[in-house]
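Enquirer: Structure file final.pdb (PDB, C-alpha atoms) is given on the next line.
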```pdb
MODEL        1
ATOM      1  CA  MET U 115       9.990   5.329  16.646
ATOM      2  CA  ILE U 116      11.282   3.599  13.516
ATOM      3  CA  MET U 117      11.086   5.587  10.289
ATOM      4  CA  THR U 118      10.702   3.531   7.159
ATOM      5  CA  THR U 119      12.247   4.743   3.966
ATOM      6  CA  ARG U 120       9.963   5.555   1.109
ATOM      7  CA  LYS U 121      10.249   2.996  -1.656
ATOM      8  CA  ARG U 122       9.244   3.747  -5.204
ATOM      9  CA  HIS U 123       7.604   0.897  -7.061
ATOM     10  CA  SER U 124       7.714   0.583 -10.820
ATOM     11  CA  PRO U 125       4.344   0.465 -12.566
ATOM     12  CA  GLU U 126       4.942  -3.223 -13.322
ATOM     13  CA  GLN U 127       5.594  -3.945  -9.631
ATOM     14  CA  VAL U 128       2.424  -2.085  -8.639
ATOM     15  CA  VAL U 129       0.294  -4.081 -11.087
ATOM     16  CA  ARG U 130       1.835  -7.352  -9.861
ATOM     17  CA  LYS U 131       1.166  -6.381  -6.242
ATOM     18  CA  LEU U 132      -2.433  -5.470  -7.084
ATOM     19  CA  THR U 133      -2.874  -8.845  -8.798
ATOM     20  CA  SER U 134      -1.448 -10.529  -5.717
ATOM     21  CA  ALA U 135      -3.781  -8.461  -3.523
ATOM     22  CA  ASP U 136      -6.782  -9.556  -5.596
ATOM     23  CA  ARG U 137      -5.764 -13.189  -5.118
ATOM     24  CA  LEU U 138      -5.306 -12.748  -1.349
ATOM     25  CA  LEU U 139      -8.613 -10.914  -0.982
ATOM     26  CA  ALA U 140     -10.352 -13.700  -2.931
ATOM     27  CA  GLU U 141      -8.857 -16.184  -0.464
ATOM     28  CA  GLY U 142     -10.724 -14.345   2.287
ATOM     29  CA  LYS U 143      -7.977 -12.220   3.835
ATOM     30  CA  ASP U 144      -8.990  -8.784   5.029
ATOM     31  CA  LEU U 145      -7.565  -5.642   3.457
ATOM     32  CA  ALA U 146      -5.345  -4.785   6.445
ATOM     33  CA  ALA U 147      -3.662  -8.202   6.302
ATOM     34  CA  VAL U 148      -3.215  -7.951   2.536
ATOM     35  CA  CYS U 149      -1.620  -4.503   2.832
ATOM     36  CA  ARG U 150       0.738  -5.772   5.547
ATOM     37  CA  GLU U 151       1.759  -8.661   3.310
ATOM     38  CA  LEU U 152       2.350  -6.314   0.364
ATOM     39  CA  GLY U 153       4.277  -3.911   2.588
ATOM     40  CA  VAL U 154       2.125  -0.857   1.793
ATOM     41  CA  SER U 155      -0.417   1.265   3.634
ATOM     42  CA  GLU U 156      -4.110   1.012   2.907
ATOM     43  CA  ALA U 157      -3.993   4.547   1.476
ATOM     44  CA  THR U 158      -1.274   3.459  -0.955
ATOM     45  CA  TYR U 159      -3.293   0.386  -1.909
ATOM     46  CA  HIS U 160      -6.358   2.521  -2.687
ATOM     47  CA  ARG U 161      -4.296   5.068  -4.650
ATOM     48  CA  TRP U 162      -2.734   2.258  -6.684
ATOM     49  CA  ARG U 163      -6.140   0.684  -7.263
ATOM     50  CA  ASN U 164      -7.476   3.991  -8.615
ATOM     51  CA  GLN U 165      -4.436   4.640 -10.770
ATOM     52  CA  PHE U 166      -3.565   1.159 -12.045
ATOM     53  CA  GLY U 167      -6.802  -0.771 -11.420
ATOM     54  CA  GLY U 168      -7.386  -2.787 -14.573
ATOM     55  CA  LEU U 169      -3.981  -2.524 -16.195
ATOM     56  CA  LYS U 170      -1.618  -5.299 -17.165
ATOM     57  CA  PRO U 171       2.113  -4.790 -16.418
ATOM     58  CA  ASP U 172       2.875  -3.851 -20.050
ATOM     59  CA  ASP U 173       0.009  -1.324 -20.074
ATOM     60  CA  ALA U 174       1.310   0.257 -16.864
ATOM     61  CA  LYS U 175       4.806   0.546 -18.311
ATOM     62  CA  ARG U 176       3.451   2.208 -21.464
ATOM     63  CA  LEU U 177       1.331   4.587 -19.369
ATOM     64  CA  LYS U 178       4.416   5.741 -17.451
ATOM     65  CA  GLU U 179       6.365   6.189 -20.703
ATOM     66  CA  LEU U 180       3.562   8.328 -22.135
ATOM     67  CA  GLU U 181       3.370  10.407 -18.951
ATOM     68  CA  ARG U 182       7.141  11.045 -19.131
ATOM     69  CA  GLU U 183       6.922  11.957 -22.817
ATOM     70  CA  ASN U 184       3.988  14.271 -22.121
ATOM     71  CA  SER U 185       5.870  16.119 -19.386
ATOM     72  CA  THR U 186       8.883  16.531 -21.703
ATOM     73  CA  LEU U 187       6.659  17.955 -24.436
ATOM     74  CA  LYS U 188       4.988  20.341 -21.983
ATOM     75  CA  ARG U 189       8.400  21.555 -20.847
ATOM     76  CA  LEU U 190       9.520  22.077 -24.468
ATOM     77  CA  LEU U 191       6.331  24.000 -25.224
ATOM     78  CA  ALA U 192       6.804  26.218 -22.176
ATOM     79  CA  ASP U 193      10.405  26.954 -23.229
ATOM     80  CA  ALA U 194       9.276  27.804 -26.768
ATOM     81  CA  GLU U 195       6.562  30.139 -25.432
ATOM     82  CA  LEU U 196       9.101  31.926 -23.218
ATOM     83  CA  GLU U 197      11.480  32.323 -26.136
ATOM     84  CA  LYS U 198       8.664  33.653 -28.328
ATOM     85  CA  ALA U 199       7.688  36.202 -25.667
ATOM     86  CA  ALA U 200      11.310  37.319 -25.304
ATOM     87  CA  LEU U 201      11.640  37.778 -29.073
ATOM     88  CA  LYS U 202       8.445  39.857 -29.116
ATOM     89  CA  GLU U 203       9.880  42.069 -26.357
ATOM     90  CA  ILE U 204      13.105  42.552 -28.338
ATOM     91  CA  ALA U 205      11.196  43.324 -31.529
ATOM     92  CA  ARG U 206       9.009  45.892 -29.734
ATOM     93  CA  GLY U 207      12.060  47.640 -28.332
ATOM     94  CA  GLU U 208      13.781  47.976 -31.704
ATOM     95  CA  PHE U 209      10.913  49.478 -33.701
TER
ENDMDL
END
```
How would this structure read if it were set down as structure tokens?
Expert:
Amino acid sequence: MIMTTRKRHSPEQVVRKLTSADRLLAEGKDLAAVCRELGVSEATYHRWRNQFGGLKPDDAKRLKELERENSTLKRLLADAELEKAALKEIARGEF
């Protein structure tokens, strides 16, 4: 049994592959053949279609940047909340 390594695609690559898939499907190829040509499973194709469906490569890149920024901000907020709770505990203990 051959194990394939998991390959991460950039958002731009995903959008390009979806565009290529649209072209191949329009030419009459079936989904299984298109997925084989793209080198992805049908489940991956459907997940990509749901996530990146109507995006252009630049839109996909911006979406990923915003998702990264959002996760950084959430982490900063969580750290600030923990610090605030710790300071409240200290203040309660002193008075």
Enquirer: Would you please work out which residue, of U:Arg176, U:Arg137, U:Arg206, U:Lys121, is nearest to Val154 of chain U when using all atoms listed in the file?
Expert: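 That would be U:Lys121, the residue with the smallest distance to Val154 of chain U.
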Enquirer: Find the residues near Glu156 of chain U: any atom within 10 Å, counting all atoms listed in the file, skip ones fewer than 4 places away on the same chain, and give them as a count of residues only.
Expert: 9
Enquirer: Can you turn the PyMOL selection byres ((chain U and resi 172) around 12) into a concrete residue list for this file, as number ranges by chain?
Expert: U: 124-130, 166, 168-171, 173-179
Enquirer: Please produce a file of the residues just selected, as a PDB file, keeping the file's coordinate frame, where the atoms kept are C-alpha atoms.
Expert:
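File written: part.pdb
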```
ATOM      1  CA  SER U 124       7.714   0.583 -10.820  1.00  0.00           C
ATOM      2  CA  PRO U 125       4.344   0.465 -12.566  1.00  0.00           C
ATOM      3  CA  GLU U 126       4.942  -3.223 -13.322  1.00  0.00           C
ATOM      4  CA  GLN U 127       5.594  -3.945  -9.631  1.00  0.00           C
ATOM      5  CA  VAL U 128       2.424  -2.085  -8.639  1.00  0.00           C
ATOM      6  CA  VAL U 129       0.294  -4.081 -11.087  1.00  0.00           C
ATOM      7  CA  ARG U 130       1.835  -7.352  -9.861  1.00  0.00           C
ATOM      8  CA  PHE U 166      -3.565   1.159 -12.045  1.00  0.00           C
ATOM      9  CA  GLY U 168      -7.386  -2.787 -14.573  1.00  0.00           C
ATOM     10  CA  LEU U 169      -3.981  -2.524 -16.195  1.00  0.00           C
ATOM     11  CA  LYS U 170      -1.618  -5.299 -17.165  1.00  0.00           C
ATOM     12  CA  PRO U 171       2.113  -4.790 -16.418  1.00  0.00           C
ATOM     13  CA  ASP U 173       0.009  -1.324 -20.074  1.00  0.00           C
ATOM     14  CA  ALA U 174       1.310   0.257 -16.864  1.00  0.00           C
ATOM     15  CA  LYS U 175       4.806   0.546 -18.311  1.00  0.00           C
ATOM     16  CA  ARG U 176       3.451   2.208 -21.464  1.00  0.00           C
ATOM     17  CA  LEU U 177       1.331   4.587 -19.369  1.00  0.00           C
ATOM     18  CA  LYS U 178       4.416   5.741 -17.451  1.00  0.00           C
ATOM     19  CA  GLU U 179       6.365   6.189 -20.703  1.00  0.00           C
TER      20      GLU U 179
END
```
Enquirer: One decimal, Å: what's the distance from atom CA of Leu139 of chain U over to atom CA of Asn164 of chain U, could you say?
Expert: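 Between these atoms lies a distance of 16.8 Å.
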Enquirer: Kindly give the distance, in Å, that separates atom CA of Glu197 of chain U and atom CA of Leu180 of chain U, rounded to a single decimal.
Expert: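 That distance, rounded to one decimal, is 25.6 Å.
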Enquirer: So what do you get for atom CA of Glu151 of chain U versus atom CA of Ala135 of chain U, distance-wise?
Expert: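 One can read the atom CA of Glu151 of chain U to atom CA of Ala135 of chain U distance as 8.8 Å.
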Enquirer: Tell me which of U:Leu187, U:Ala199, U:Leu132, U:Ala205 sits closest to Gly167 of chain U, counting all atoms listed in the file.
Expert: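 Ranked by minimum distance to Gly167 of chain U, first place goes to U:Leu132.
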Enquirer: Could you model N, CA, C and O atoms for segment 136-162 of chain U and present them as an mmCIF file, in the coordinates of the input?
Expert:
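out-v6.cif written:
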```cif
data_model
loop_
_atom_site.group_PDB
_atom_site.id
_atom_site.type_symbol
_atom_site.label_atom_id
_atom_site.label_comp_id
_atom_site.auth_asym_id
_atom_site.auth_seq_id
_atom_site.Cartn_x
_atom_site.Cartn_y
_atom_site.Cartn_z
ATOM 1 N N ASP U 136 -5.498 -9.002 -5.160
ATOM 2 C CA ASP U 136 -6.782 -9.556 -5.596
ATOM 3 C C ASP U 136 -6.883 -11.029 -5.216
ATOM 4 O O ASP U 136 -7.924 -11.490 -4.738
ATOM 5 N N ARG U 137 -5.781 -11.759 -5.439
ATOM 6 C CA ARG U 137 -5.764 -13.189 -5.118
ATOM 7 C C ARG U 137 -5.942 -13.398 -3.610
ATOM 8 O O ARG U 137 -6.748 -14.220 -3.175
ATOM 9 N N LEU U 138 -5.208 -12.614 -2.807
ATOM 10 C CA LEU U 138 -5.306 -12.748 -1.349
ATOM 11 C C LEU U 138 -6.692 -12.367 -0.832
ATOM 12 O O LEU U 138 -7.228 -13.020 0.076
ATOM 13 N N LEU U 139 -7.267 -11.314 -1.393
ATOM 14 C CA LEU U 139 -8.613 -10.914 -0.982
ATOM 15 C C LEU U 139 -9.634 -11.990 -1.343
ATOM 16 O O LEU U 139 -10.574 -12.247 -0.589
ATOM 17 N N ALA U 140 -9.445 -12.628 -2.511
ATOM 18 C CA ALA U 140 -10.352 -13.700 -2.931
ATOM 19 C C ALA U 140 -10.240 -14.906 -2.005
ATOM 20 O O ALA U 140 -11.209 -15.655 -1.832
ATOM 21 N N GLU U 141 -9.052 -15.076 -1.406
ATOM 22 C CA GLU U 141 -8.857 -16.184 -0.464
ATOM 23 C C GLU U 141 -9.498 -15.892 0.889
ATOM 24 O O GLU U 141 -9.490 -16.737 1.772
ATOM 25 N N GLY U 142 -10.012 -14.665 1.063
ATOM 26 C CA GLY U 142 -10.724 -14.345 2.287
ATOM 27 C C GLY U 142 -9.951 -13.486 3.272
ATOM 28 O O GLY U 142 -10.443 -13.215 4.364
ATOM 29 N N LYS U 143 -8.734 -13.082 2.921
ATOM 30 C CA LYS U 143 -7.977 -12.220 3.835
ATOM 31 C C LYS U 143 -8.581 -10.820 3.832
ATOM 32 O O LYS U 143 -9.132 -10.380 2.833
ATOM 33 N N ASP U 144 -8.469 -10.148 4.972
ATOM 34 C CA ASP U 144 -8.990 -8.784 5.029
ATOM 35 C C ASP U 144 -7.948 -7.815 4.467
ATOM 36 O O ASP U 144 -6.774 -8.143 4.319
ATOM 37 N N LEU U 145 -8.405 -6.621 4.135
ATOM 38 C CA LEU U 145 -7.565 -5.642 3.457
ATOM 39 C C LEU U 145 -6.331 -5.277 4.272
ATOM 40 O O LEU U 145 -5.237 -5.142 3.728
ATOM 41 N N ALA U 146 -6.477 -5.145 5.588
ATOM 42 C CA ALA U 146 -5.345 -4.785 6.445
ATOM 43 C C ALA U 146 -4.247 -5.843 6.355
ATOM 44 O O ALA U 146 -3.056 -5.522 6.241
ATOM 45 N N ALA U 147 -4.640 -7.112 6.381
ATOM 46 C CA ALA U 147 -3.662 -8.202 6.302
ATOM 47 C C ALA U 147 -2.993 -8.221 4.935
ATOM 48 O O ALA U 147 -1.782 -8.450 4.819
ATOM 49 N N VAL U 148 -3.765 -7.979 3.896
ATOM 50 C CA VAL U 148 -3.215 -7.951 2.536
ATOM 51 C C VAL U 148 -2.197 -6.824 2.408
ATOM 52 O O VAL U 148 -1.100 -7.027 1.874
ATOM 53 N N CYS U 149 -2.535 -5.652 2.910
ATOM 54 C CA CYS U 149 -1.620 -4.503 2.832
ATOM 55 C C CYS U 149 -0.339 -4.771 3.605
ATOM 56 O O CYS U 149 0.750 -4.414 3.148
ATOM 57 N N ARG U 150 -0.461 -5.409 4.776
ATOM 58 C CA ARG U 150 0.738 -5.772 5.547
ATOM 59 C C ARG U 150 1.621 -6.712 4.741
ATOM 60 O O ARG U 150 2.834 -6.547 4.686
ATOM 61 N N GLU U 151 0.996 -7.693 4.101
ATOM 62 C CA GLU U 151 1.759 -8.661 3.310
ATOM 63 C C GLU U 151 2.441 -8.003 2.106
ATOM 64 O O GLU U 151 3.552 -8.361 1.743
ATOM 65 N N LEU U 152 1.771 -7.023 1.506
ATOM 66 C CA LEU U 152 2.350 -6.314 0.364
ATOM 67 C C LEU U 152 3.390 -5.283 0.810
ATOM 68 O O LEU U 152 4.187 -4.818 -0.001
ATOM 69 N N GLY U 153 3.335 -4.898 2.069
ATOM 70 C CA GLY U 153 4.277 -3.911 2.588
ATOM 71 C C GLY U 153 3.908 -2.483 2.229
ATOM 72 O O GLY U 153 4.779 -1.633 2.052
ATOM 73 N N VAL U 154 2.590 -2.207 2.124
ATOM 74 C CA VAL U 154 2.125 -0.857 1.793
ATOM 75 C C VAL U 154 0.972 -0.488 2.733
ATOM 76 O O VAL U 154 0.350 -1.348 3.337
ATOM 77 N N SER U 155 0.711 0.813 2.817
ATOM 78 C CA SER U 155 -0.417 1.265 3.634
ATOM 79 C C SER U 155 -1.715 1.071 2.854
ATOM 80 O O SER U 155 -1.703 0.892 1.631
ATOM 81 N N GLU U 156 -2.813 1.132 3.577
ATOM 82 C CA GLU U 156 -4.110 1.012 2.907
ATOM 83 C C GLU U 156 -4.335 2.187 1.961
ATOM 84 O O GLU U 156 -4.916 2.022 0.893
ATOM 85 N N ALA U 157 -3.851 3.371 2.347
ATOM 86 C CA ALA U 157 -3.993 4.547 1.476
ATOM 87 C C ALA U 157 -3.242 4.324 0.159
ATOM 88 O O ALA U 157 -3.751 4.640 -0.918
ATOM 89 N N THR U 158 -2.047 3.755 0.255
ATOM 90 C CA THR U 158 -1.274 3.459 -0.955
ATOM 91 C C THR U 158 -2.001 2.433 -1.809
ATOM 92 O O THR U 158 -2.090 2.582 -3.030
ATOM 93 N N TYR U 159 -2.545 1.406 -1.169
ATOM 94 C CA TYR U 159 -3.293 0.386 -1.909
ATOM 95 C C TYR U 159 -4.444 1.026 -2.690
ATOM 96 O O TYR U 159 -4.619 0.755 -3.879
ATOM 97 N N HIS U 160 -5.210 1.898 -2.018
ATOM 98 C CA HIS U 160 -6.358 2.521 -2.687
ATOM 99 C C HIS U 160 -5.906 3.456 -3.802
ATOM 100 O O HIS U 160 -6.535 3.513 -4.875
ATOM 101 N N ARG U 161 -4.813 4.185 -3.603
ATOM 102 C CA ARG U 161 -4.296 5.068 -4.650
ATOM 103 C C ARG U 161 -3.859 4.246 -5.857
ATOM 104 O O ARG U 161 -4.171 4.572 -6.998
ATOM 105 N N TRP U 162 -3.157 3.141 -5.590
ATOM 106 C CA TRP U 162 -2.734 2.258 -6.684
ATOM 107 C C TRP U 162 -3.942 1.688 -7.416
ATOM 108 O O TRP U 162 -3.956 1.588 -8.635
#
```
